[in-house]
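Visitor: mmCIF, C-alpha atoms, file final.cif:
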data_entry
#
loop_
_atom_site.label_atom_id
_atom_site.label_comp_id
_atom_site.auth_asym_id
_atom_site.auth_seq_id
_atom_site.Cartn_x
_atom_site.Cartn_y
_atom_site.Cartn_z
CA MET A 1 153.76 -50.81 -52.19
CA ALA A 2 153.42 -48.14 -49.50
CA SER A 3 151.01 -48.74 -46.65
CA SER A 4 147.79 -46.76 -46.48
CA GLU A 5 149.17 -44.90 -43.45
CA SER A 6 152.31 -43.67 -45.21
CA ALA A 7 150.83 -43.08 -48.66
CA PRO A 8 149.86 -39.52 -49.57
CA ALA A 9 146.18 -38.64 -49.61
CA VAL A 10 144.49 -39.01 -52.98
CA THR A 11 142.75 -35.86 -54.18
CA PRO A 12 139.03 -36.49 -54.76
CA PHE A 13 138.21 -36.65 -58.46
CA ARG A 14 136.03 -33.88 -59.82
CA GLY A 15 135.07 -33.44 -63.44
CA HIS A 16 137.47 -36.06 -64.75
CA THR A 17 137.35 -37.56 -68.21
CA CYS A 18 139.02 -40.86 -69.06
CA ARG A 19 142.22 -39.07 -70.05
CA ASP A 20 142.20 -37.05 -66.82
CA LEU A 21 141.89 -40.20 -64.74
CA TYR A 22 144.68 -41.92 -66.64
CA ASN A 23 146.95 -38.91 -66.12
CA ALA A 24 146.02 -38.77 -62.44
CA VAL A 25 147.14 -42.38 -62.04
CA PHE A 26 150.58 -41.91 -63.53
CA GLU A 27 151.20 -38.48 -62.07
CA SER A 28 150.74 -39.98 -58.61
CA ASP A 29 153.59 -41.19 -56.44
CA VAL A 30 151.54 -44.34 -55.76
CA PRO A 31 149.71 -45.16 -59.02
CA GLU A 32 148.56 -48.57 -57.82
CA GLN A 33 146.75 -47.01 -54.89
CA VAL A 34 145.03 -44.50 -57.17
CA VAL A 35 143.93 -47.28 -59.53
CA ARG A 36 142.50 -49.33 -56.69
CA GLN A 37 140.53 -46.35 -55.37
CA LEU A 38 138.80 -45.85 -58.70
CA PRO A 39 135.29 -47.23 -59.17
CA SER A 40 135.59 -50.34 -61.33
CA GLN A 41 133.38 -48.82 -64.01
CA SER A 42 135.52 -45.67 -64.18
CA LEU A 43 138.61 -47.85 -64.56
CA PHE A 44 136.83 -49.84 -67.27
CA MET A 45 136.05 -46.69 -69.23
CA VAL A 46 139.69 -45.59 -68.99
CA VAL A 47 140.80 -49.03 -70.22
CA LYS A 48 138.33 -48.94 -73.13
CA GLU A 49 139.37 -45.41 -74.09
CA ARG A 50 142.98 -46.55 -74.30
CA GLY A 51 142.20 -50.02 -75.65
CA ILE A 52 142.58 -53.33 -73.83
CA GLU A 53 145.81 -54.02 -75.70
CA SER A 54 147.35 -50.80 -74.35
CA SER A 55 146.13 -51.20 -70.78
CA ALA A 56 148.25 -54.02 -69.39
CA ASP A 57 149.79 -51.58 -66.91
CA LEU A 58 146.41 -50.53 -65.50
CA ILE A 59 145.06 -54.09 -65.37
CA GLY A 60 148.25 -55.21 -63.65
CA MET A 61 147.71 -52.65 -60.87
CA ALA A 62 143.98 -53.28 -60.43
CA SER A 63 142.61 -55.50 -57.69
CA LEU A 64 141.13 -58.90 -58.50
CA ASP A 65 137.63 -57.58 -57.80
CA GLN A 66 138.20 -54.66 -60.16
CA CYS A 67 139.52 -56.97 -62.86
CA ARG A 68 136.54 -59.28 -62.47
CA ALA A 69 134.28 -56.26 -62.98
CA LEU A 70 136.29 -55.23 -66.05
CA THR A 71 135.58 -58.58 -67.67
CA ASP A 72 131.94 -58.44 -66.58
CA PHE A 73 131.62 -55.17 -68.50
CA ASP A 74 133.73 -56.20 -71.49
CA LEU A 75 133.10 -59.86 -72.29
CA TRP A 76 129.42 -59.79 -73.14
CA HIS A 77 127.29 -58.94 -76.16
CA GLY A 78 123.76 -58.92 -74.83
CA ASP A 79 123.43 -62.18 -72.91
CA SER A 80 126.06 -64.01 -74.97
CA LEU A 81 129.79 -64.31 -74.47
CA ASN A 82 131.75 -61.99 -76.74
CA GLU A 83 134.35 -64.55 -77.69
CA GLU A 84 136.58 -62.16 -79.63
CA ALA A 85 136.86 -59.95 -76.55
CA LEU A 86 137.86 -62.98 -74.47
CA TRP A 87 140.64 -63.84 -76.94
CA ARG A 88 141.93 -60.26 -76.55
CA TRP A 89 142.10 -60.70 -72.79
CA LEU A 90 143.96 -64.00 -73.20
CA ALA A 91 146.49 -62.21 -75.42
CA LEU A 92 147.29 -59.56 -72.78
CA ALA A 93 150.28 -61.61 -71.60
CA ASP A 94 151.88 -60.99 -74.99
CA GLU A 95 151.33 -57.23 -74.72
CA ALA A 96 152.99 -57.24 -71.29
CA ASP A 97 155.63 -59.77 -72.37
CA SER A 98 154.94 -61.64 -69.16
CA LEU A 99 152.74 -64.49 -68.00
CA GLU A 100 151.88 -62.65 -64.78
CA LEU A 101 148.77 -61.09 -66.29
CA LEU A 102 147.59 -64.47 -67.55
CA GLN A 103 148.17 -65.97 -64.11
CA LYS A 104 146.18 -63.09 -62.65
CA LEU A 105 143.38 -63.59 -65.19
CA VAL A 106 142.92 -67.21 -64.11
CA LYS A 107 142.35 -65.91 -60.55
CA PHE A 108 139.66 -63.34 -61.40
CA ILE A 109 137.83 -64.55 -64.51
CA ASP A 110 134.68 -66.64 -64.28
CA LEU A 111 136.10 -70.06 -65.13
CA LYS A 112 132.78 -71.03 -66.72
CA LEU A 113 133.82 -68.80 -69.62
CA ILE A 114 137.01 -70.82 -70.02
CA ALA A 115 134.84 -73.93 -69.90
CA VAL A 116 132.83 -72.46 -72.80
CA LEU A 117 136.02 -72.23 -74.88
CA ILE A 118 136.91 -75.78 -73.89
CA GLY A 119 133.45 -76.98 -74.88
CA ARG A 120 133.78 -75.32 -78.28
CA TYR A 121 137.39 -76.02 -79.17
CA VAL A 122 138.88 -78.79 -77.02
CA GLU A 123 138.60 -82.54 -77.42
CA ALA A 124 139.91 -84.46 -74.41
CA LYS A 125 140.67 -88.18 -74.19
CA VAL A 126 141.21 -89.66 -70.72
CA PHE A 127 142.70 -93.14 -70.18
CA ASP A 128 142.86 -95.36 -67.10
CA GLU A 129 146.41 -96.31 -68.07
CA PRO A 130 148.90 -93.92 -69.63
CA THR A 131 149.67 -94.29 -73.30
CA GLU A 132 152.39 -92.87 -75.45
CA GLN A 133 150.27 -93.07 -78.59
CA PRO A 134 148.26 -89.88 -79.33
CA PRO A 135 144.60 -90.63 -80.12
CA GLY A 136 144.83 -88.42 -83.19
CA PRO A 137 146.91 -85.78 -84.96
CA GLY A 138 147.55 -82.61 -82.99
CA PHE A 139 146.90 -84.15 -79.58
CA HIS A 140 149.30 -83.52 -76.70
CA THR A 141 149.42 -84.73 -73.10
CA PRO A 142 150.17 -82.69 -69.98
CA ASP A 143 150.29 -85.68 -67.61
CA LYS A 144 152.47 -88.32 -69.24
CA GLY A 145 149.77 -90.01 -71.30
CA TYR A 146 146.77 -90.20 -68.97
CA THR A 147 145.04 -87.22 -70.61
CA TRP A 148 145.33 -86.21 -74.25
CA ILE A 149 144.10 -82.83 -75.50
CA GLY A 150 143.32 -81.80 -79.05
CA ILE A 151 142.55 -78.15 -79.79
CA LYS A 152 140.18 -77.85 -82.73
CA THR A 153 140.45 -74.35 -84.13
CA GLU A 154 141.81 -73.26 -87.49
CA ASN A 155 142.93 -69.91 -86.09
CA PRO A 156 146.61 -70.34 -85.16
CA ASP A 157 146.55 -67.41 -82.71
CA HIS A 158 143.56 -68.83 -80.86
CA HIS A 159 145.18 -72.28 -80.86
CA PHE A 160 148.29 -70.85 -79.23
CA LEU A 161 146.37 -68.78 -76.67
CA LEU A 162 144.16 -71.67 -75.59
CA ALA A 163 147.04 -74.15 -75.42
CA ARG A 164 149.08 -71.72 -73.31
CA LEU A 165 146.13 -71.06 -71.01
CA LEU A 166 145.46 -74.76 -70.43
CA ALA A 167 149.15 -75.40 -69.74
CA LEU A 168 149.24 -72.57 -67.18
CA ILE A 169 146.08 -73.82 -65.46
CA PHE A 170 147.52 -77.36 -65.28
CA GLU A 171 150.75 -76.06 -63.76
CA SER A 172 148.84 -73.88 -61.26
CA SER A 173 146.22 -76.44 -60.23
CA ALA A 174 145.83 -79.87 -61.78
CA GLU A 175 142.54 -80.23 -59.92
CA VAL A 176 141.04 -77.15 -61.58
CA PHE A 177 142.43 -78.29 -64.92
CA TYR A 178 140.66 -81.67 -64.76
CA GLN A 179 137.45 -80.05 -63.52
CA LEU A 180 137.42 -77.69 -66.48
CA LEU A 181 138.02 -80.53 -68.94
CA ALA A 182 135.12 -82.44 -67.41
CA THR A 183 132.69 -79.51 -67.38
CA PRO A 184 131.45 -79.89 -70.99
CA SER A 185 130.38 -83.45 -70.17
CA VAL A 186 127.98 -82.24 -67.47
CA ALA A 187 126.88 -78.85 -68.86
CA THR A 188 126.31 -77.60 -72.38
CA VAL A 189 127.91 -74.42 -73.66
CA THR A 190 124.48 -72.76 -73.56
CA MET A 191 123.98 -73.75 -69.93
CA LEU A 192 127.41 -72.43 -68.99
CA GLU A 193 126.75 -69.10 -70.74
CA GLU A 194 123.35 -68.71 -69.07
CA GLU A 195 124.73 -69.43 -65.62
CA ALA A 196 127.72 -67.13 -66.13
CA PHE A 197 125.45 -64.34 -67.40
CA GLY A 198 123.16 -64.62 -64.37
CA GLU A 199 126.09 -64.41 -61.96
CA ARG A 200 127.52 -61.52 -63.93
CA MET A 201 124.27 -59.55 -63.59
CA LYS A 202 124.34 -60.05 -59.82
CA ARG A 203 127.90 -58.78 -59.63
CA LEU A 204 127.11 -55.76 -61.81
CA ALA A 205 124.18 -54.91 -59.54
CA SER A 206 126.73 -54.28 -56.79
CA GLU A 207 128.52 -51.92 -59.22
CA GLY A 208 125.38 -49.81 -59.67
CA VAL A 209 123.94 -51.51 -62.75
CA PRO A 210 120.23 -52.13 -62.08
CA GLU A 211 118.33 -55.27 -63.06
CA PRO A 212 116.02 -54.86 -66.11
CA GLU A 213 112.89 -54.48 -63.94
CA VAL A 214 114.48 -51.65 -61.95
CA ALA A 215 115.84 -50.02 -65.12
CA ALA A 216 112.31 -50.05 -66.56
CA ALA A 217 111.03 -48.09 -63.55
CA VAL A 218 113.63 -45.38 -64.20
CA HIS A 219 112.03 -45.01 -67.65
CA ALA A 220 108.40 -44.85 -66.50
CA PRO A 221 106.35 -41.92 -67.92
CA TYR A 222 106.29 -38.70 -65.88
CA SER A 223 104.11 -35.77 -66.91
CA THR A 224 104.60 -32.03 -66.76
CA ALA A 225 101.60 -31.78 -64.44
CA GLU A 226 103.21 -34.23 -62.02
CA ALA A 227 106.49 -32.32 -62.18
CA LEU A 228 104.83 -28.95 -61.50
CA ARG A 229 102.93 -30.44 -58.57
CA ASP A 230 106.12 -31.90 -57.09
CA ILE A 231 107.91 -28.58 -57.51
CA LYS A 232 105.02 -26.69 -55.86
CA GLU A 233 105.00 -29.12 -52.95
CA ALA A 234 108.79 -28.82 -52.68
CA SER A 235 109.09 -32.58 -52.68
CA HIS A 236 112.44 -34.20 -52.13
CA PRO A 237 113.67 -36.74 -54.67
CA LYS A 238 115.05 -40.07 -53.60
CA VAL A 239 118.77 -40.01 -52.94
CA VAL A 240 121.14 -42.39 -54.72
CA GLU A 241 123.69 -43.45 -52.13
CA ASP A 242 124.64 -47.07 -52.67
CA ILE A 243 126.76 -46.69 -55.81
CA ARG A 244 129.93 -44.83 -56.68
CA ALA A 245 130.00 -41.95 -59.13
CA VAL A 246 131.49 -42.85 -62.53
CA GLU A 247 132.79 -39.49 -63.66
CA PRO A 248 133.54 -40.34 -67.30
CA LEU A 249 129.84 -41.12 -67.77
CA VAL A 250 129.13 -37.51 -66.77
CA TYR A 251 132.03 -35.64 -68.32
CA GLU A 252 133.02 -37.50 -71.50
CA ALA A 253 129.81 -36.73 -73.39
CA ARG A 254 128.86 -33.21 -74.46
CA SER A 255 126.28 -31.31 -72.42
CA ARG A 256 123.47 -29.00 -73.51
CA ARG A 257 123.31 -25.45 -72.13
CA MET A 258 120.86 -25.94 -69.27
CA PHE A 259 122.35 -29.26 -68.20
CA ALA A 260 125.79 -27.60 -68.09
CA ALA A 261 124.36 -24.65 -66.15
CA LEU A 262 122.80 -27.00 -63.61
CA LEU A 263 126.07 -28.85 -63.19
CA GLY A 264 127.72 -25.52 -62.45
CA GLU A 265 125.10 -24.60 -59.86
CA VAL A 266 124.83 -27.76 -57.77
CA SER A 267 126.70 -27.73 -54.50
CA ASP A 268 126.95 -31.50 -54.06
CA HIS A 269 128.67 -32.67 -57.22
CA GLU A 270 129.17 -36.19 -55.91
CA ALA A 271 125.43 -36.68 -55.36
CA PHE A 272 124.78 -35.32 -58.86
CA GLU A 273 127.37 -37.65 -60.37
CA MET A 274 126.06 -40.68 -58.48
CA GLU A 275 122.50 -40.10 -59.65
CA PHE A 276 123.58 -39.54 -63.24
CA THR A 277 125.66 -42.72 -63.07
CA TYR A 278 122.61 -44.65 -61.85
CA ILE A 279 120.39 -43.21 -64.59
CA MET A 280 122.99 -43.93 -67.26
CA ASN A 281 123.44 -47.53 -66.18
CA ALA A 282 119.66 -47.95 -66.17
CA ALA A 283 119.55 -46.47 -69.68
CA VAL A 284 122.28 -48.83 -70.89
CA VAL A 285 120.22 -51.76 -69.62
CA ARG A 286 116.89 -50.37 -70.89
CA TRP A 287 118.10 -49.57 -74.40
CA GLY A 288 120.20 -52.71 -74.82
CA VAL A 289 123.60 -51.05 -75.25
CA ASP A 290 126.69 -53.13 -74.47
CA PHE A 291 129.03 -51.54 -71.93
CA SER A 292 131.91 -52.74 -74.11
CA GLU A 293 130.77 -50.48 -76.96
CA GLN A 294 131.97 -47.27 -75.35
CA PRO A 295 131.20 -44.92 -78.27
CA LYS A 296 127.56 -46.07 -78.13
CA VAL A 297 127.50 -45.65 -74.34
CA LEU A 298 128.74 -42.06 -74.74
CA GLU A 299 126.17 -41.41 -77.50
CA LEU A 300 123.52 -42.62 -75.08
CA ALA A 301 124.93 -40.30 -72.40
CA GLU A 302 124.39 -37.36 -74.76
CA GLN A 303 120.82 -38.52 -75.35
CA VAL A 304 120.16 -38.80 -71.61
CA LYS A 305 121.61 -35.33 -71.07
CA GLY A 306 119.44 -34.11 -73.94
CA ALA A 307 116.30 -35.47 -72.29
CA ILE A 308 117.22 -33.80 -68.99
CA ASN A 309 117.98 -30.55 -70.78
CA LEU A 310 114.62 -30.76 -72.56
CA ALA A 311 112.84 -31.17 -69.21
CA LEU A 312 114.68 -28.20 -67.71
CA GLU A 313 113.70 -26.03 -70.68
CA LYS A 314 110.08 -27.08 -70.38
CA LEU A 315 109.87 -26.36 -66.65
CA THR A 316 111.65 -23.00 -66.81
CA LYS A 317 110.09 -21.70 -70.04
CA ASP A 318 107.16 -19.88 -68.39
CA GLY A 319 108.92 -19.11 -65.13
CA ALA A 320 107.36 -22.07 -63.32
CA ALA A 321 110.70 -22.87 -61.77
CA THR A 322 114.38 -22.12 -61.96
CA VAL A 323 116.86 -24.73 -63.10
CA LYS A 324 118.10 -25.16 -59.54
CA ALA A 325 114.59 -25.38 -58.06
CA ALA A 326 113.53 -27.98 -60.62
CA TYR A 327 116.56 -30.12 -59.80
CA THR A 328 116.16 -29.67 -56.03
CA ALA A 329 112.53 -30.80 -56.10
CA LEU A 330 112.73 -33.51 -58.75
CA GLY A 331 116.30 -34.78 -58.97
CA LEU A 332 117.84 -35.99 -62.22
CA GLU A 333 115.74 -39.15 -62.50
CA LYS A 334 112.39 -37.35 -62.70
CA LEU A 335 113.87 -34.74 -65.01
CA TYR A 336 115.08 -37.53 -67.29
CA ARG A 337 111.70 -39.25 -67.17
CA LEU A 338 109.93 -35.98 -68.00
CA GLY A 339 112.18 -35.27 -70.98
CA LEU A 340 111.86 -38.86 -72.14
CA THR A 341 108.07 -38.66 -71.92
CA GLU A 342 108.20 -35.72 -74.34
CA LEU A 343 110.42 -37.72 -76.69
CA MET A 344 108.15 -40.76 -76.51
CA ALA A 345 105.20 -38.56 -77.53
CA LEU A 346 107.25 -37.48 -80.54
CA ARG A 347 108.06 -41.12 -81.30
CA ASN A 348 104.39 -42.09 -81.12
CA LYS A 349 103.56 -39.30 -83.56
CA ALA A 350 106.24 -40.53 -85.98
CA ARG A 351 105.16 -44.16 -85.68
CA LYS A 352 101.63 -43.26 -86.73
CA ILE A 353 103.08 -42.50 -90.16
CA SER A 354 102.91 -45.62 -92.30
CA LEU A 355 106.16 -46.79 -93.86
CA GLU A 356 104.44 -46.58 -97.23
CA ALA A 357 103.62 -42.91 -96.70
CA ALA A 358 107.17 -42.17 -95.57
CA GLU A 359 108.67 -43.92 -98.59
CA LYS A 360 106.62 -41.77 -100.95
CA ILE A 361 108.43 -38.60 -99.87
CA ARG A 362 111.93 -40.09 -99.56
CA ASP A 363 113.21 -38.34 -102.68
CA SER A 364 110.96 -35.28 -102.75
CA ASN A 365 111.32 -34.29 -99.08
CA GLN A 366 114.48 -35.80 -97.64
CA PRO A 367 114.42 -33.71 -94.42
CA ALA A 368 110.90 -34.87 -93.54
CA PHE A 369 111.65 -38.49 -94.44
CA SER A 370 114.80 -38.51 -92.30
CA ALA A 371 113.08 -36.74 -89.41
CA VAL A 372 110.34 -39.39 -89.36
CA ALA A 373 112.85 -42.24 -89.57
CA CYS A 374 114.96 -40.82 -86.72
CA ALA A 375 111.97 -40.04 -84.52
CA ARG A 376 110.71 -43.62 -84.90
CA GLU A 377 113.84 -44.99 -83.20
CA ALA A 378 113.46 -46.65 -79.79
CA PHE A 379 115.15 -43.59 -78.27
CA PRO A 380 114.20 -40.80 -80.71
CA VAL A 381 116.97 -38.77 -82.34
CA MET A 382 117.12 -36.26 -85.19
CA PRO A 383 119.13 -36.08 -88.43
CA LEU A 384 122.62 -34.67 -88.09
CA PHE A 385 121.98 -32.29 -90.98
CA LEU A 386 119.02 -30.67 -89.20
CA ASN A 387 119.62 -27.73 -86.87
CA ASP A 388 117.30 -27.24 -83.92
CA ASP A 389 115.72 -24.21 -85.64
CA GLY A 390 114.93 -26.22 -88.76
CA THR A 391 117.71 -24.92 -90.98
CA ILE A 392 119.62 -27.48 -93.02
CA ILE A 393 123.34 -28.15 -92.98
CA ASP A 394 124.37 -28.57 -96.60
CA GLU A 395 127.88 -29.82 -97.39
CA GLY A 396 128.46 -29.13 -101.05
CA GLY A 397 124.99 -30.20 -102.08
CA ALA A 398 124.94 -33.28 -99.86
CA LEU A 399 123.27 -33.72 -96.50
CA PRO A 400 125.61 -35.02 -93.77
CA SER A 401 124.69 -38.52 -92.63
CA GLY A 402 124.25 -39.55 -89.02
CA THR A 403 122.04 -38.61 -86.10
CA LYS A 404 122.21 -36.49 -82.98
CA PRO A 405 120.21 -36.26 -79.72
CA ILE A 406 117.05 -34.18 -79.39
CA GLY A 407 117.71 -31.89 -76.47
CA THR A 408 115.70 -28.68 -76.85
CA LEU A 409 112.04 -27.66 -77.17
CA GLN A 410 112.91 -25.98 -80.46
CA ALA A 411 114.26 -29.26 -81.80
CA VAL A 412 111.09 -31.07 -80.74
CA GLN A 413 108.97 -28.47 -82.52
CA THR A 414 111.12 -28.69 -85.65
CA VAL A 415 110.93 -32.49 -85.84
CA SER A 416 107.21 -32.44 -85.05
CA ALA A 417 106.55 -29.97 -87.88
CA LEU A 418 108.47 -32.16 -90.34
CA ILE A 419 106.48 -35.22 -89.25
CA GLU A 420 103.27 -33.31 -89.93
CA GLN A 421 104.43 -32.73 -93.51
CA VAL A 422 104.20 -36.48 -94.08
CA SER A 423 100.91 -37.14 -92.28
#
Output the file's structure as structure tokens, nothing else.
Guide:
Amino acid sequence: MASSESAPAVTPFRGHTCRDLYNAVFESDVPEQVVRQLPSQSLFMVVKERGIESSADLIGMASLDQCRALTDFDLWHGDSLNEEALWRWLALADEADSLELLQKLVKFIDLKLIAVLIGRYVEAKVFDEPTEQPPGPGFHTPDKGYTWIGIKTENPDHHFLLARLLALIFESSAEVFYQLLATPSVATVTMLEEEAFGERMKRLASEGVPEPEVAAAVHAPYSTAEALRDIKEASHPKVVEDIRAVEPLVYEARSRRMFAALLGEVSDHEAFEMEFTYIMNAAVVRWGVDFSEQPKVLELAEQVKGAINLALEKLTKDGAATVKAAYTALGLEKLYRLGLTELMALRNKARKISLEAAEKIRDSNQPAFSAVACAREAFPVMPLFLNDDGTIIDEGGALPSGTKPIGTLQAVQTVSALIEQVS
């Protein structure tokens, strides 16, 4: 690997999607250096876009800290270990046809997660004197009969992966191996998961993922009156400086017209990208989306952009401010909070409709029923078949299924009018 002094300068990333970042890595003369300069979350999104199974090359070039962050993002469903995802990581050595990645994984992964697998699937028998007689069928010994291990899983792939992992750990460090085998006797699987989750949250905080209490503050109500006052007083929003911009969060999801116009007008794109990254990570935490479910993260990004777009429309509608002036005075966070406050008002209106009343018009007024159901969601959306102006998309007599973000004042008015048809 070339030294930092002799390596060519890396062009700053601007407007990159996951594919752009991947191409930038392998078009470089020093791909490893480019990978290691990426924010861990950007690298994670590239890996997820390609698939873990197809990303052995990227993971192999990443630093241990980056890899640890990748597993922090990928191995959890809520506050529980996503075991299937962990098995996929253990199988990476097969994709690379080399044990190097598995050896690397043992260095960066939280070993408490391996202890969870041991607690669930491994039975260990330890003897003061070695014995040649296995304590049961399927047991094997790594240390000439002092310790016998039985792996209790009916999945042959998982059996192989766990056996190979334990063998590699024993060969690398017998001390760590014995400590892991002993862990289930002093801590339950639940205790191990809870401790690992707590440490994971602390690590993610350093990656720009706020704690739940901080994420809640990013979603606090913010009124139009407050926004107009702040614009009039030419207030300056707080600056997000302690995290790195994750460009795929900004550029992978589609943007509404005013959001896109603002992005074209700002002079400091990095500051814009950092603040949007912070808001998005707060939204992921607030709305309970798993980072590992990238399509849902990108859907949420469209919703966040929609809320910001909605706020920009509201503030510029009567000439109270320009798009640029609104952003300069408020920043993205207050714009998001303003748009979200409008959406929450719509949600409250929809939730005043009883489920019984909504059910009565399910067949006779499908647009109104669907609009109410979508607006009642934690983060309100609208039916995919409904255009912002209220016209219906009809595909051969059937209404397309699915939802889409609410991102314009016209859409809010359309959904609100449909809700009133039910009340």
Visitor: Compute the distance from (123.4, -50.0, -62.7) to each atom, counting all atoms listed in the file, keep the residues with any atom at most 10 Å away, and return them as a list in words; use the coordinates of the file.
Guide: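 Those residues, ordered by chain and then number, are Met201, Leu204, Ala205, Ser206, Glu207, Gly208, Val209, Pro210, Glu211, Pro212, Val214, Ala215, Ile243, Thr277, Tyr278, Ile279, Met280, Asn281, Ala282, Ala283, Val284 and Val285 of chain A.
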Visitor: For Ala271 (chain A), which residue among A:Phe197, A:Tyr327, A:Trp76, A:Phe259 is the nearest when counting all atoms listed in the file?
Guide: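 Comparing A:Phe197, A:Tyr327, A:Trp76, A:Phe259 against Ala271 (chain A), the winner is A:Tyr327.
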Visitor: CA of Glu302 (chain A) to CA of Asp74 (chain A): how many Å, to one decimal?
Guide: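 Value for the CA of Glu302 (chain A)-CA of Asp74 (chain A) distance: 21.3 Å.
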Visitor: Select, from A:Ala85, A:Ala357, A:Ala350, A:Ile308, the residue with the minimum atom-to-atom distance to Ile406 (chain A), counting only C-alpha atoms.
Guide: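 Comparing A:Ala85, A:Ala357, A:Ala350, A:Ile308 against Ile406 (chain A), the winner is A:Ile308.
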Visitor: For Lys305 (chain A), find every residue with an atom within 9 Å (counting all atoms listed in the file), except residues of its own chain fewer than 2 positions away, and show them as a PDB file with C-alpha atoms, in the coordinates of the input.
Guide:
ATOM      1  CA  VAL A 250     129.130 -37.510 -66.770  1.00  0.00           C
ATOM      2  CA  ALA A 253     129.810 -36.730 -73.390  1.00  0.00           C
ATOM      3  CA  ARG A 254     128.860 -33.210 -74.460  1.00  0.00           C
ATOM      4  CA  SER A 255     126.280 -31.310 -72.420  1.00  0.00           C
ATOM      5  CA  ARG A 256     123.470 -29.000 -73.510  1.00  0.00           C
ATOM      6  CA  PHE A 259     122.350 -29.260 -68.200  1.00  0.00           C
ATOM      7  CA  LEU A 300     123.520 -42.620 -75.080  1.00  0.00           C
ATOM      8  CA  ALA A 301     124.930 -40.300 -72.400  1.00  0.00           C
ATOM      9  CA  GLU A 302     124.390 -37.360 -74.760  1.00  0.00           C
ATOM     10  CA  GLN A 303     120.820 -38.520 -75.350  1.00  0.00           C
ATOM     11  CA  ALA A 307     116.300 -35.470 -72.290  1.00  0.00           C
ATOM     12  CA  ILE A 308     117.220 -33.800 -68.990  1.00  0.00           C
ATOM     13  CA  ASN A 309     117.980 -30.550 -70.780  1.00  0.00           C
ATOM     14  CA  LEU A 310     114.620 -30.760 -72.560  1.00  0.00           C
ATOM     15  CA  TYR A 336     115.080 -37.530 -67.290  1.00  0.00           C
ATOM     16  CA  PRO A 405     120.210 -36.260 -79.720  1.00  0.00           C
ATOM     17  CA  GLY A 407     117.710 -31.890 -76.470  1.00  0.00           C
TER      18      GLY A 407
END
Visitor: Name the residues captured by the PyMOL selection byres ((chain A and resi 131) around 7) when it is applied to the shown file; answer as JSON, numbers by chain.
Guide: {"A": [129, 130, 132, 133, 145, 146]}
Visitor: The selected residues should be written to file as a PDB file, in the frame of the given file (atoms: C-alpha atoms).
Guide:
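selection12.pdb, written as the output of this step:
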ATOM      1  CA  GLU A 129     146.410 -96.310 -68.070  1.00  0.00           C
ATOM      2  CA  PRO A 130     148.900 -93.920 -69.630  1.00  0.00           C
ATOM      3  CA  GLU A 132     152.390 -92.870 -75.450  1.00  0.00           C
ATOM      4  CA  GLN A 133     150.270 -93.070 -78.590  1.00  0.00           C
ATOM      5  CA  GLY A 145     149.770 -90.010 -71.300  1.00  0.00           C
ATOM      6  CA  TYR A 146     146.770 -90.200 -68.970  1.00  0.00           C
TER       7      TYR A 146
END
Visitor: Quick one: of A:Val34, A:Leu399, A:Leu181, A:Ala167, who's nearest to Leu386 (chain A), counting only C-alpha atoms?
Guide: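 For Leu386 (chain A), the nearest of the given residues is A:Leu399.
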Visitor: Tell me which of A:Leu346, A:Leu99, A:Ala227, A:Leu162 sits closest to Thr316 (chain A), counting all atoms listed in the file.
Guide: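 Smallest distance to Thr316 (chain A) is found for A:Ala227.
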Visitor: List as a VMD selection string the protein and nucleic acid residues near Tyr22 (chain A), meaning an atom at most 9 Å away when only C-alpha atoms are counted, but skip any in the same chain fewer than 5 places from it.
Guide: chain A and resid 17 27 35 43 46 to 47 58
Visitor: For a test of reading the model, state the distance in Å between CA of Ala398 (chain A) and CA of Ile353 (chain A), rounded to one decimal.
Guide: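 For CA of Ala398 (chain A) relative to CA of Ile353 (chain A), the distance reads 25.6 Å.
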Visitor: I need the output of the PyMOL selection byres ((chain A and resi 379) around 8) for this file as a CSV table (one decimal) with C-alpha atoms, in the frame of the given file; which residues are they?
Guide:
chain,number,residue,atom,x,y,z
A,287,TRP,CA,118.1,-49.6,-74.4
A,343,LEU,CA,110.4,-37.7,-76.7
A,344,MET,CA,108.2,-40.8,-76.5
A,375,ALA,CA,112.0,-40.0,-84.5
A,376,ARG,CA,110.7,-43.6,-84.9
A,377,GLU,CA,113.8,-45.0,-83.2
A,378,ALA,CA,113.5,-46.6,-79.8
A,380,PRO,CA,114.2,-40.8,-80.7
A,381,VAL,CA,117.0,-38.8,-82.3
Visitor: For region 360-374 of chain A, work out the shell of residues within 7 Å, counting only C-alpha atoms and skipping chain neighbours fewer than 5 positions away, then give it as a PyMOL selection string.
Guide: chain A and resi 350+380-383+415+418-419+421-422
Visitor: Rounded to one decimal in Å, what is the spacing between CA of Leu105 (chain A) and CA of Gly150 (chain A)?
Guide: 22.9 Å
Visitor: Measuring atom to atom with all atoms listed in the file, identify which of A:Leu355, A:Leu332, A:Ile392, A:Met274 is nearest to Thr414 (chain A).
Guide: A:Ile392
Visitor: Looking at only C-alpha atoms, which of A:Lys334, A:Lys125, A:Lys107, A:Arg88 is the one that sits closest to Asp230 (chain A)?
Guide: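 Closest to Asp230 (chain A), using only C-alpha atoms: A:Lys334.
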Visitor: Need the shell around Gln66 (chain A): protein/DNA/RNA residues with any atom at most 9 Å away, counting only C-alpha atoms. Skip same-chain ones fewer than 3 positions apart. Format as a PyMOL selection string?
Guide: chain A and resi 36+38-41+43-44+59+62-63+69-71+108
